[in-house]
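Okay, work22.cif is below, mmCIF, C-alpha atoms and all ligand atoms:
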data_structure
loop_
_atom_site.label_atom_id
_atom_site.label_comp_id
_atom_site.auth_asym_id
_atom_site.auth_seq_id
_atom_site.Cartn_x
_atom_site.Cartn_y
_atom_site.Cartn_z
CA MET A 1 -10.65 20.56 3.51
CA ASN A 2 -9.38 17.97 5.98
CA ILE A 3 -6.11 19.25 7.41
CA PHE A 4 -3.58 17.41 9.55
CA VAL A 5 -1.54 19.78 11.72
CA SER A 6 1.63 18.54 13.39
CA GLY A 7 2.54 20.79 16.29
CA GLY A 8 -0.97 22.24 16.45
CA ALA A 9 -0.62 22.70 20.23
CA GLY A 10 2.37 25.00 19.81
CA TYR A 11 2.58 28.77 19.55
CA ILE A 12 2.15 29.30 15.82
CA GLY A 13 0.27 26.04 15.24
CA SER A 14 -2.46 26.91 17.75
CA VAL A 15 -3.29 30.17 15.95
CA TYR A 16 -3.21 28.53 12.53
CA VAL A 17 -5.61 25.80 13.77
CA GLU A 18 -7.99 28.46 15.12
CA GLN A 19 -7.99 30.31 11.77
CA ALA A 20 -8.36 27.14 9.71
CA LEU A 21 -11.39 26.12 11.80
CA ASN A 22 -12.85 29.62 11.48
CA ALA A 23 -12.48 29.26 7.70
CA GLY A 24 -14.61 26.10 7.80
CA HIS A 25 -11.92 23.40 7.52
CA GLN A 26 -11.73 20.19 9.56
CA VAL A 27 -8.54 19.91 11.58
CA THR A 28 -6.69 17.06 13.25
CA VAL A 29 -3.94 18.18 15.62
CA TYR A 30 -1.04 15.73 16.05
CA ASP A 31 1.25 16.77 18.91
CA ASN A 32 3.22 15.04 21.68
CA LEU A 33 2.79 18.08 23.97
CA SER A 34 6.54 18.24 24.63
CA GLU A 35 6.55 21.90 23.62
CA GLY A 36 2.84 22.47 23.09
CA HIS A 37 0.00 22.78 25.59
CA ARG A 38 -3.27 20.88 25.76
CA SER A 39 -5.24 24.06 26.43
CA ALA A 40 -3.69 25.68 23.34
CA ILE A 41 -5.62 23.22 21.16
CA ASP A 42 -8.83 24.69 19.81
CA PRO A 43 -11.58 22.41 21.19
CA ARG A 44 -13.19 22.21 17.74
CA ALA A 45 -10.17 20.24 16.44
CA ALA A 46 -9.65 16.48 16.79
CA PHE A 47 -6.52 15.71 18.82
CA VAL A 48 -4.05 12.84 18.61
CA GLN A 49 -1.34 12.87 21.27
CA ALA A 50 1.51 10.91 19.75
CA GLU A 51 5.13 11.08 18.64
CA LEU A 52 6.35 12.31 15.27
CA SER A 53 8.70 9.32 15.27
CA ASP A 54 5.68 6.98 15.15
CA GLU A 55 5.15 6.63 11.39
CA ALA A 56 2.48 3.93 11.75
CA ARG A 57 0.45 6.16 14.06
CA ILE A 58 0.78 9.11 11.70
CA LEU A 59 -0.37 7.00 8.76
CA GLU A 60 -3.32 5.70 10.75
CA SER A 61 -4.31 9.24 11.80
CA LEU A 62 -3.96 10.61 8.26
CA THR A 63 -6.11 7.83 6.88
CA ALA A 64 -8.76 8.02 9.60
CA SER A 65 -9.07 11.80 9.22
CA LYS A 66 -9.00 11.61 5.37
CA SER A 67 -6.46 14.43 5.48
CA GLU A 68 -5.68 16.06 2.13
CA VAL A 69 -3.20 18.61 3.44
CA ILE A 70 -0.48 18.45 6.10
CA VAL A 71 0.71 21.60 7.82
CA HIS A 72 3.92 20.72 9.64
CA PHE A 73 4.82 22.98 12.57
CA ALA A 74 6.21 20.35 14.98
CA ALA A 75 9.92 20.95 15.52
CA ASN A 76 12.62 21.88 17.97
CA ALA A 77 13.42 25.54 17.49
CA LEU A 78 16.03 26.81 19.96
CA VAL A 79 19.26 27.94 18.32
CA GLY A 80 21.32 27.68 21.53
CA GLU A 81 20.06 24.19 22.34
CA SER A 82 20.86 23.07 18.79
CA MET A 83 24.49 24.05 19.35
CA GLN A 84 24.58 21.88 22.51
CA ASN A 85 22.59 18.95 21.17
CA PRO A 86 22.66 18.85 17.36
CA GLY A 87 21.50 15.23 17.25
CA LYS A 88 18.15 16.24 18.76
CA TYR A 89 17.65 18.73 15.91
CA PHE A 90 18.69 16.49 13.03
CA GLY A 91 16.78 13.56 14.54
CA ASN A 92 13.51 15.38 15.11
CA ASN A 93 13.46 18.14 12.49
CA VAL A 94 14.87 15.98 9.70
CA GLY A 95 14.53 12.29 10.65
CA ASN A 96 11.04 12.45 12.13
CA GLY A 97 10.00 14.91 9.43
CA VAL A 98 10.86 12.27 6.84
CA LYS A 99 8.60 9.81 8.67
CA LEU A 100 5.77 12.32 8.35
CA LEU A 101 6.53 12.66 4.64
CA ASN A 102 6.55 8.90 4.11
CA ALA A 103 3.20 8.62 5.86
CA ALA A 104 1.93 11.51 3.69
CA VAL A 105 2.90 9.64 0.53
CA GLY A 106 1.37 6.42 1.91
CA ALA A 107 -1.92 8.15 2.68
CA GLY A 108 -2.11 10.00 -0.65
CA VAL A 109 -1.87 13.49 0.85
CA ARG A 110 -1.67 16.08 -1.94
CA LYS A 111 -0.13 19.11 -0.22
CA PHE A 112 2.52 19.70 2.46
CA VAL A 113 3.03 23.11 4.09
CA PHE A 114 6.25 23.45 6.10
CA SER A 115 7.50 25.90 8.76
CA SER A 116 11.01 26.84 7.74
CA THR A 117 13.00 29.78 9.00
CA CYS A 118 15.18 32.75 8.13
CA ALA A 119 17.84 30.91 10.18
CA THR A 120 18.50 28.93 6.97
CA TYR A 121 20.19 32.07 5.57
CA GLY A 122 22.78 32.45 8.34
CA PHE A 123 24.65 35.74 7.92
CA PRO A 124 23.05 36.99 4.70
CA ASP A 125 25.11 38.67 1.98
CA LYS A 126 22.47 41.37 1.65
CA VAL A 127 19.29 42.63 3.28
CA PRO A 128 16.37 42.69 2.64
CA ILE A 129 16.68 38.94 2.13
CA THR A 130 15.05 37.48 -0.97
CA GLU A 131 14.31 33.78 -1.35
CA ASP A 132 17.27 33.30 -3.71
CA THR A 133 19.79 34.61 -1.16
CA PRO A 134 22.38 31.84 -0.59
CA GLN A 135 21.48 29.69 2.42
CA ARG A 136 24.43 29.17 4.73
CA PRO A 137 23.06 28.25 8.16
CA ILE A 138 25.31 28.92 11.14
CA ASN A 139 23.70 26.52 13.61
CA PRO A 140 22.19 22.99 13.55
CA TYR A 141 18.68 24.42 13.92
CA GLY A 142 18.95 26.38 10.66
CA GLU A 143 20.80 23.50 8.99
CA SER A 144 18.09 21.00 9.98
CA LYS A 145 15.40 23.20 8.43
CA LYS A 146 17.44 23.70 5.26
CA MET A 147 17.98 19.95 4.98
CA PHE A 148 14.26 19.32 5.30
CA GLU A 149 13.58 21.90 2.58
CA SER A 150 15.79 19.80 0.26
CA VAL A 151 14.00 16.61 1.23
CA LEU A 152 10.68 18.28 0.40
CA ASP A 153 11.98 19.24 -3.00
CA TRP A 154 12.88 15.61 -3.74
CA TYR A 155 9.52 14.29 -2.52
CA GLN A 156 7.77 16.77 -4.78
CA ARG A 157 9.87 15.70 -7.76
CA LEU A 158 9.74 11.96 -7.13
CA HIS A 159 6.40 11.45 -5.37
CA GLY A 160 4.46 14.44 -6.71
CA LEU A 161 3.83 15.74 -3.18
CA GLU A 162 3.32 19.47 -3.71
CA PHE A 163 4.91 21.65 -1.00
CA VAL A 164 5.10 25.22 0.22
CA ALA A 165 7.91 26.06 2.68
CA PHE A 166 7.62 29.34 4.58
CA ARG A 167 10.76 30.92 5.96
CA TYR A 168 9.48 32.82 8.96
CA PHE A 169 11.30 35.83 10.29
CA ASN A 170 10.51 36.71 13.95
CA ALA A 171 7.07 35.34 14.85
CA ALA A 172 5.36 37.39 17.57
CA GLY A 173 1.97 38.59 18.84
CA ALA A 174 -1.14 36.66 19.83
CA SER A 175 -4.69 36.00 18.70
CA GLY A 176 -7.44 36.89 21.18
CA ARG A 177 -7.35 33.37 22.52
CA PHE A 178 -3.92 31.84 21.85
CA GLY A 179 -0.47 33.23 22.57
CA GLU A 180 3.16 32.54 23.31
CA HIS A 181 4.06 30.23 26.18
CA HIS A 182 7.35 28.41 25.85
CA ARG A 183 8.46 26.39 28.86
CA ILE A 184 11.94 27.79 28.26
CA GLU A 185 11.50 31.34 26.99
CA THR A 186 14.39 32.81 25.03
CA HIS A 187 12.52 35.25 22.77
CA LEU A 188 12.80 38.98 23.12
CA ILE A 189 9.19 40.20 23.27
CA PRO A 190 7.86 37.75 25.92
CA ASN A 191 10.99 38.23 28.02
CA VAL A 192 10.65 42.01 27.93
CA LEU A 193 6.92 41.80 28.74
CA LYS A 194 7.73 39.64 31.77
CA VAL A 195 9.40 42.71 33.29
CA ALA A 196 6.29 44.81 32.62
CA LEU A 197 4.20 42.08 34.28
CA GLY A 198 6.42 42.27 37.37
CA GLN A 199 7.76 38.73 36.85
CA ALA A 200 11.36 39.84 36.30
CA SER A 201 13.24 42.90 37.53
CA GLN A 202 15.01 43.67 34.24
CA CYS A 203 15.42 42.47 30.70
CA GLU A 204 18.68 41.82 28.90
CA ILE A 205 20.07 43.30 25.69
CA TYR A 206 22.43 40.90 23.95
CA GLY A 207 25.01 43.15 22.34
CA THR A 208 25.10 46.93 21.91
CA ASP A 209 28.05 47.17 19.51
CA TYR A 210 26.44 45.92 16.31
CA PRO A 211 26.77 48.00 13.12
CA THR A 212 23.19 49.27 13.41
CA PRO A 213 21.96 52.81 14.26
CA ASP A 214 21.55 52.12 18.01
CA GLY A 215 24.05 49.26 18.24
CA THR A 216 21.46 46.52 18.87
CA CYS A 217 20.25 43.80 16.50
CA ILE A 218 17.45 44.49 14.05
CA ARG A 219 14.79 41.84 13.39
CA ASP A 220 11.69 41.66 11.21
CA TYR A 221 8.76 40.91 13.56
CA ILE A 222 5.77 39.26 11.98
CA HIS A 223 2.38 38.68 13.56
CA ILE A 224 1.39 35.04 13.96
CA MET A 225 -2.09 35.84 12.61
CA ASP A 226 -0.40 36.96 9.39
CA ILE A 227 1.71 33.80 9.35
CA ALA A 228 -1.49 31.76 9.76
CA GLN A 229 -3.13 33.63 6.87
CA ALA A 230 -0.21 32.71 4.58
CA HIS A 231 -0.63 29.02 5.45
CA LEU A 232 -4.30 29.11 4.50
CA LEU A 233 -3.41 30.64 1.13
CA ALA A 234 -0.70 28.01 0.56
CA MET A 235 -3.19 25.16 0.71
CA GLU A 236 -4.71 26.10 -2.65
CA PRO A 237 -3.75 23.55 -5.34
CA GLY A 238 -0.90 24.62 -7.59
CA ARG A 239 0.81 26.83 -5.03
CA LYS A 240 4.33 25.62 -4.33
CA GLY A 241 7.85 26.71 -3.50
CA PHE A 242 9.74 28.74 -0.92
CA TYR A 243 8.43 31.98 0.55
CA ASN A 244 9.77 34.44 3.12
CA LEU A 245 7.27 35.75 5.65
CA GLY A 246 8.23 39.09 7.14
CA ASN A 247 7.17 42.73 7.00
CA GLY A 248 10.28 44.07 5.32
CA GLY A 249 10.90 46.67 8.01
CA GLY A 250 12.78 45.72 11.09
CA TYR A 251 13.11 47.00 14.63
CA SER A 252 16.10 47.06 16.96
CA VAL A 253 16.13 45.43 20.39
CA ARG A 254 16.00 48.89 21.99
CA GLU A 255 13.01 49.88 19.82
CA VAL A 256 11.20 46.71 20.91
CA ILE A 257 11.84 47.50 24.59
CA GLN A 258 10.59 51.08 24.08
CA MET A 259 7.45 49.79 22.39
CA CYS A 260 6.82 47.38 25.26
CA GLU A 261 7.15 50.30 27.70
CA LYS A 262 4.69 52.38 25.66
CA ILE A 263 2.10 49.60 25.36
CA SER A 264 2.32 48.40 28.97
CA GLY A 265 2.75 51.85 30.50
CA LYS A 266 5.53 50.40 32.71
CA LYS A 267 9.20 51.30 32.98
CA ILE A 268 11.27 48.35 31.77
CA PRO A 269 14.87 48.41 33.03
CA ALA A 270 17.35 46.79 30.64
CA VAL A 271 20.84 45.54 31.34
CA GLU A 272 23.42 45.44 28.54
CA LYS A 273 25.03 42.03 28.03
CA PRO A 274 27.59 40.69 25.56
CA ARG A 275 26.50 39.53 22.13
CA ARG A 276 24.68 36.19 21.92
CA PRO A 277 26.70 33.85 19.69
CA GLY A 278 25.28 33.37 16.22
CA ASP A 279 23.11 36.52 16.07
CA PRO A 280 23.42 38.35 12.71
CA PRO A 281 23.12 42.15 13.09
CA ARG A 282 20.16 42.61 10.76
CA LEU A 283 17.62 40.12 9.43
CA VAL A 284 14.90 41.68 7.31
CA ALA A 285 12.71 39.90 4.78
CA ALA A 286 11.82 40.77 1.24
CA ALA A 287 8.42 39.06 1.15
CA ASP A 288 7.18 40.38 -2.21
CA LYS A 289 7.03 36.83 -3.56
CA ALA A 290 4.39 35.78 -1.00
CA ARG A 291 2.39 38.95 -1.64
CA ASN A 292 2.53 38.68 -5.42
CA GLU A 293 2.14 34.94 -5.88
CA LEU A 294 -0.05 33.95 -2.93
CA GLY A 295 -1.96 37.20 -2.50
CA TRP A 296 -0.66 37.40 1.07
CA ASN A 297 -1.70 40.64 2.74
CA PRO A 298 -0.40 41.09 6.31
CA LYS A 299 -3.02 42.73 8.53
CA TYR A 300 -0.77 43.52 11.52
CA PRO A 301 2.53 44.77 10.09
CA LYS A 302 3.19 47.40 12.77
CA LEU A 303 5.27 46.58 15.84
CA GLU A 304 2.69 48.44 17.93
CA GLU A 305 -0.05 45.98 16.91
CA ILE A 306 2.22 43.00 17.40
CA VAL A 307 3.29 44.02 20.90
CA SER A 308 -0.25 45.12 21.91
CA THR A 309 -1.75 41.73 21.10
CA ALA A 310 1.11 39.96 22.91
CA TRP A 311 0.68 42.22 25.95
CA GLU A 312 -3.09 41.68 26.10
CA TRP A 313 -2.57 37.91 26.01
CA HIS A 314 0.11 37.93 28.72
CA VAL A 315 -2.00 40.16 30.98
CA ARG A 316 -4.85 37.66 30.68
CA HIS A 317 -2.52 34.64 31.03
CA PRO A 318 0.25 35.83 33.37
CA ASN A 319 1.40 32.25 33.92
CA GLY A 320 0.76 31.13 30.35
CA TYR A 321 -1.28 28.01 29.76
CA PRO A 322 -2.18 25.93 32.84
CA ASP A 323 -0.84 22.70 31.30
N1 LIG B 1 17.47 39.37 22.48
C1 LIG B 1 17.86 40.18 23.53
N2 LIG B 1 17.42 39.84 24.78
C2 LIG B 1 16.61 38.76 25.03
C3 LIG B 1 16.23 37.95 23.94
C4 LIG B 1 16.68 38.28 22.68
O1 LIG B 1 18.58 41.15 23.35
O2 LIG B 1 16.25 38.51 26.20
C5 LIG B 1 17.89 39.76 21.11
C6 LIG B 1 18.59 38.64 20.34
O3 LIG B 1 19.97 38.69 20.58
C7 LIG B 1 18.21 39.00 18.91
C8 LIG B 1 16.82 39.63 19.03
O4 LIG B 1 16.70 40.04 20.41
O5 LIG B 1 19.08 39.98 18.39
C9 LIG B 1 15.69 38.67 18.72
O6 LIG B 1 15.93 37.48 19.44
P1 LIG B 1 14.86 36.33 19.57
O7 LIG B 1 15.45 35.26 20.44
O8 LIG B 1 13.55 36.89 19.99
O9 LIG B 1 14.67 35.80 18.09
P2 LIG B 1 15.73 35.27 17.00
O10 LIG B 1 16.07 36.46 16.16
O11 LIG B 1 16.91 34.69 17.72
O12 LIG B 1 14.96 34.25 16.24
#
Here is the file; what I need is its structure written in the form of structure tokens.
Amino acid sequence: MNIFVSGGAGYIGSVYVEQALNAGHQVTVYDNLSEGHRSAIDPRAAFVQAELSDEARILESLTASKSEVIVHFAANALVGESMQNPGKYFGNNVGNGVKLLNAAVGAGVRKFVFSSTCATYGFPDKVPITEDTPQRPINPYGESKKMFESVLDWYQRLHGLEFVAFRYFNAAGASGRFGEHHRIETHLIPNVLKVALGQASQCEIYGTDYPTPDGTCIRDYIHIMDIAQAHLLAMEPGRKGFYNLGNGGGYSVREVIQMCEKISGKKIPAVEKPRRPGDPPRLVAAADKARNELGWNPKYPKLEEIVSTAWEWHVRHPNGYPD
């Protein structure tokens, strides 16, 4: 298939592109490199460096590449920043996303696969979280993704553009070649591994008084290779709807730090800080729908495998990507 990947130079996009190419597909990466990195683009892919706001350029690229499927990763994804600058999130994640959709309709694309998030659920009524759990986002990031889910639903109904939206839980890990390098790093695992690499003297634990067994937040970490696998399955005709992607377990912040110590063999001092605003105590996915309907079969469900692959990548790329 010919696949158009927005955000293919980003963390999750880069690994999906690698897997799609390995599976024999042709890939065009469309990325403005604001968050992504040139060297994170698999050299076998075609690359268009352009803005998501440029609908004419998207349409031209879709047509030239004869793309049948769009996989849309490009987005702003920092909760804290979205609270400071909501307009950036609604403008890019919703407004520019709609431009991509309009170009998709114009070019006759048949399938749209979207990166949504468990942040659309906010503070869930119950865990594990199923797809029919009420969505009540508590920040503009989650709201922008929920809004785009609704737009997708309307485009499917009115334009016949079939979609799959994946609500990722906590994406982590690395492929042999591509890994996590955010210019501003807020995520737990890379920040903890920075201490093991000797790039920081201590890590921080945001909140130790949550109603969890050790007082720290529990998250469902999911390997980006497993996320990529789900996207390949979603491209099959007839597959549509909303799917959670998580392992259904969950690990606390302290458990993650302990695992990073075990894998790296280094002592990782941690300092206890106040809660980070907007963090629910426990976010764990029920992902049976993706397993049953898509045949999704995560290969790296254990935290040990997730942290090991991340550690190996960071050891080989201590400063991340060069560009
Ligand atoms: N966290 C932490 N220290 C850090 C980064 C994150 O204690 O340096 C906590 C954060 O409060 C949350 C969990 O680790 O409970 C996962 O946070 P992350 O930012 O990795 O992902 P999120 O769940 O926000 O998508």
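For the atom pair formed by CA of Phe90 (chain A) and CA of Ala64 (chain A), the distance is 28.9 Å, given to one decimal.
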Show me which residues line ligand LIG 1 (chain B), defined as having an atom within 9 Å of a ligand atom where all atoms listed in the file count, and present them as a compact mmCIF listing (two decimals) with C-alpha atoms, in the frame of the given file.
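The resulting file, result19.txt, is reproduced below:
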# COMPACT_ATOMS: atom_id res chain seq x y z
CA ALA A 77 13.42 25.54 17.49
CA LEU A 78 16.03 26.81 19.96
CA VAL A 79 19.26 27.94 18.32
CA THR A 117 13.00 29.78 9.00
CA CYS A 118 15.18 32.75 8.13
CA ALA A 119 17.84 30.91 10.18
CA PHE A 169 11.30 35.83 10.29
CA ASN A 170 10.51 36.71 13.95
CA ALA A 171 7.07 35.34 14.85
CA ALA A 172 5.36 37.39 17.57
CA GLU A 185 11.50 31.34 26.99
CA THR A 186 14.39 32.81 25.03
CA HIS A 187 12.52 35.25 22.77
CA LEU A 188 12.80 38.98 23.12
CA ILE A 189 9.19 40.20 23.27
CA PRO A 190 7.86 37.75 25.92
CA ASN A 191 10.99 38.23 28.02
CA VAL A 192 10.65 42.01 27.93
CA CYS A 203 15.42 42.47 30.70
CA GLU A 204 18.68 41.82 28.90
CA ILE A 205 20.07 43.30 25.69
CA TYR A 206 22.43 40.90 23.95
CA GLY A 207 25.01 43.15 22.34
CA THR A 208 25.10 46.93 21.91
CA THR A 216 21.46 46.52 18.87
CA CYS A 217 20.25 43.80 16.50
CA ILE A 218 17.45 44.49 14.05
CA ARG A 219 14.79 41.84 13.39
CA ASP A 220 11.69 41.66 11.21
CA TYR A 221 8.76 40.91 13.56
CA SER A 252 16.10 47.06 16.96
CA VAL A 253 16.13 45.43 20.39
CA ARG A 254 16.00 48.89 21.99
CA VAL A 256 11.20 46.71 20.91
CA GLU A 272 23.42 45.44 28.54
CA LYS A 273 25.03 42.03 28.03
CA ARG A 275 26.50 39.53 22.13
CA ARG A 276 24.68 36.19 21.92
CA PRO A 277 26.70 33.85 19.69
CA GLY A 278 25.28 33.37 16.22
CA ASP A 279 23.11 36.52 16.07
CA PRO A 280 23.42 38.35 12.71
CA PRO A 281 23.12 42.15 13.09
CA ARG A 282 20.16 42.61 10.76
CA LEU A 283 17.62 40.12 9.43
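The gap separating CA of Leu197 (chain A) from CA of Gly176 (chain A) is 18.3 Å, in Å to one decimal.
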- Query: Closest to Ile227 (chain A) among A:Asn292, A:Asn32, A:Ser175, A:Gln26, using all atoms listed in the file?
  - Reply: A:Ser175
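Between CA of Phe73 (chain A) and CA of Lys126 (chain A) lies a distance of 27.7 Å.
In terms of minimum interatomic distance to Gly80 (chain A), A:Pro140 ranks closest within A:Pro140, A:Asp42, A:Lys66, A:Leu233, counting all atoms listed in the file.
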- Proximity to His25 (chain A) - best of A:Met235, A:Glu131, A:Lys194, A:Asn102, all atoms listed in the file: A:Met235
Skipping near chain neighbours, those fewer than 6 positions away, what residues fall within 10 Å of Val109 (chain A) using all atoms listed in the file, listed as a PDB file with C-alpha atoms, keeping the file's coordinate frame?
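Result written to selection.pdb:
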ATOM      1  CA  ILE A   3      -6.110  19.250   7.410  1.00  0.00           C
ATOM      2  CA  PHE A   4      -3.580  17.410   9.550  1.00  0.00           C
ATOM      3  CA  LEU A  62      -3.960  10.610   8.260  1.00  0.00           C
ATOM      4  CA  THR A  63      -6.110   7.830   6.880  1.00  0.00           C
ATOM      5  CA  LYS A  66      -9.000  11.610   5.370  1.00  0.00           C
ATOM      6  CA  SER A  67      -6.460  14.430   5.480  1.00  0.00           C
ATOM      7  CA  GLU A  68      -5.680  16.060   2.130  1.00  0.00           C
ATOM      8  CA  VAL A  69      -3.200  18.610   3.440  1.00  0.00           C
ATOM      9  CA  ILE A  70      -0.480  18.450   6.100  1.00  0.00           C
ATOM     10  CA  LEU A 101       6.530  12.660   4.640  1.00  0.00           C
ATOM     11  CA  ALA A 103       3.200   8.620   5.860  1.00  0.00           C
ATOM     12  CA  GLY A 160       4.460  14.440  -6.710  1.00  0.00           C
ATOM     13  CA  LEU A 161       3.830  15.740  -3.180  1.00  0.00           C
ATOM     14  CA  GLU A 162       3.320  19.470  -3.710  1.00  0.00           C
TER      15      GLU A 162
END
- Which residues, written as JSON, numbers by chain, have at least one atom at most 7 Å from Ala40 (chain A), with only C-alpha atoms counted and residues fewer than 4 positions away on the same chain left out? {"A": [9, 14, 178]}
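By chain and then residue number, the residues within 9 Å of Ala50 (chain A) are Tyr30, Asp31, Asn32, Leu33, Asp54, Arg57 and Ile58 of chain A, counting only C-alpha atoms and disregarding those fewer than 4 positions away in sequence.
Taking only C-alpha atoms into account, Cys260 (chain A) lies nearest to A:Glu312 out of the set A:Glu312, A:Glu293, A:Asp209, A:Glu81.
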For Ile263 (chain A), work out the shell of residues within 12 Å, counting all atoms listed in the file and skipping chain neighbours fewer than 2 positions away, then give it as a JSON list (two decimals) with C-alpha atoms, in the coordinates of the input.
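Just written: out15.json:
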[["chain", "number", "residue", "atom", "x", "y", "z"],
["A", 189, "ILE", "CA", 9.19, 40.20, 23.27],
["A", 192, "VAL", "CA", 10.65, 42.01, 27.93],
["A", 193, "LEU", "CA", 6.92, 41.80, 28.74],
["A", 196, "ALA", "CA", 6.29, 44.81, 32.62],
["A", 197, "LEU", "CA", 4.20, 42.08, 34.28],
["A", 256, "VAL", "CA", 11.20, 46.71, 20.91],
["A", 257, "ILE", "CA", 11.84, 47.50, 24.59],
["A", 258, "GLN", "CA", 10.59, 51.08, 24.08],
["A", 259, "MET", "CA", 7.45, 49.79, 22.39],
["A", 260, "CYS", "CA", 6.82, 47.38, 25.26],
["A", 261, "GLU", "CA", 7.15, 50.30, 27.70],
["A", 265, "GLY", "CA", 2.75, 51.85, 30.50],
["A", 266, "LYS", "CA", 5.53, 50.40, 32.71],
["A", 267, "LYS", "CA", 9.20, 51.30, 32.98],
["A", 268, "ILE", "CA", 11.27, 48.35, 31.77],
["A", 303, "LEU", "CA", 5.27, 46.58, 15.84],
["A", 304, "GLU", "CA", 2.69, 48.44, 17.93],
["A", 305, "GLU", "CA", -0.05, 45.98, 16.91],
["A", 306, "ILE", "CA", 2.22, 43.00, 17.40],
["A", 307, "VAL", "CA", 3.29, 44.02, 20.90],
["A", 308, "SER", "CA", -0.25, 45.12, 21.91],
["A", 309, "THR", "CA", -1.75, 41.73, 21.10],
["A", 310, "ALA", "CA", 1.11, 39.96, 22.91],
["A", 311, "TRP", "CA", 0.68, 42.22, 25.95],
["A", 312, "GLU", "CA", -3.09, 41.68, 26.10],
["A", 315, "VAL", "CA", -2.00, 40.16, 30.98]]
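Comparing the minimum interatomic distances between Lys146 (chain A) and each of A:Thr120, A:Asn244, A:Gln202, A:Asn2, counting only C-alpha atoms, we find that A:Thr120 sits nearest.
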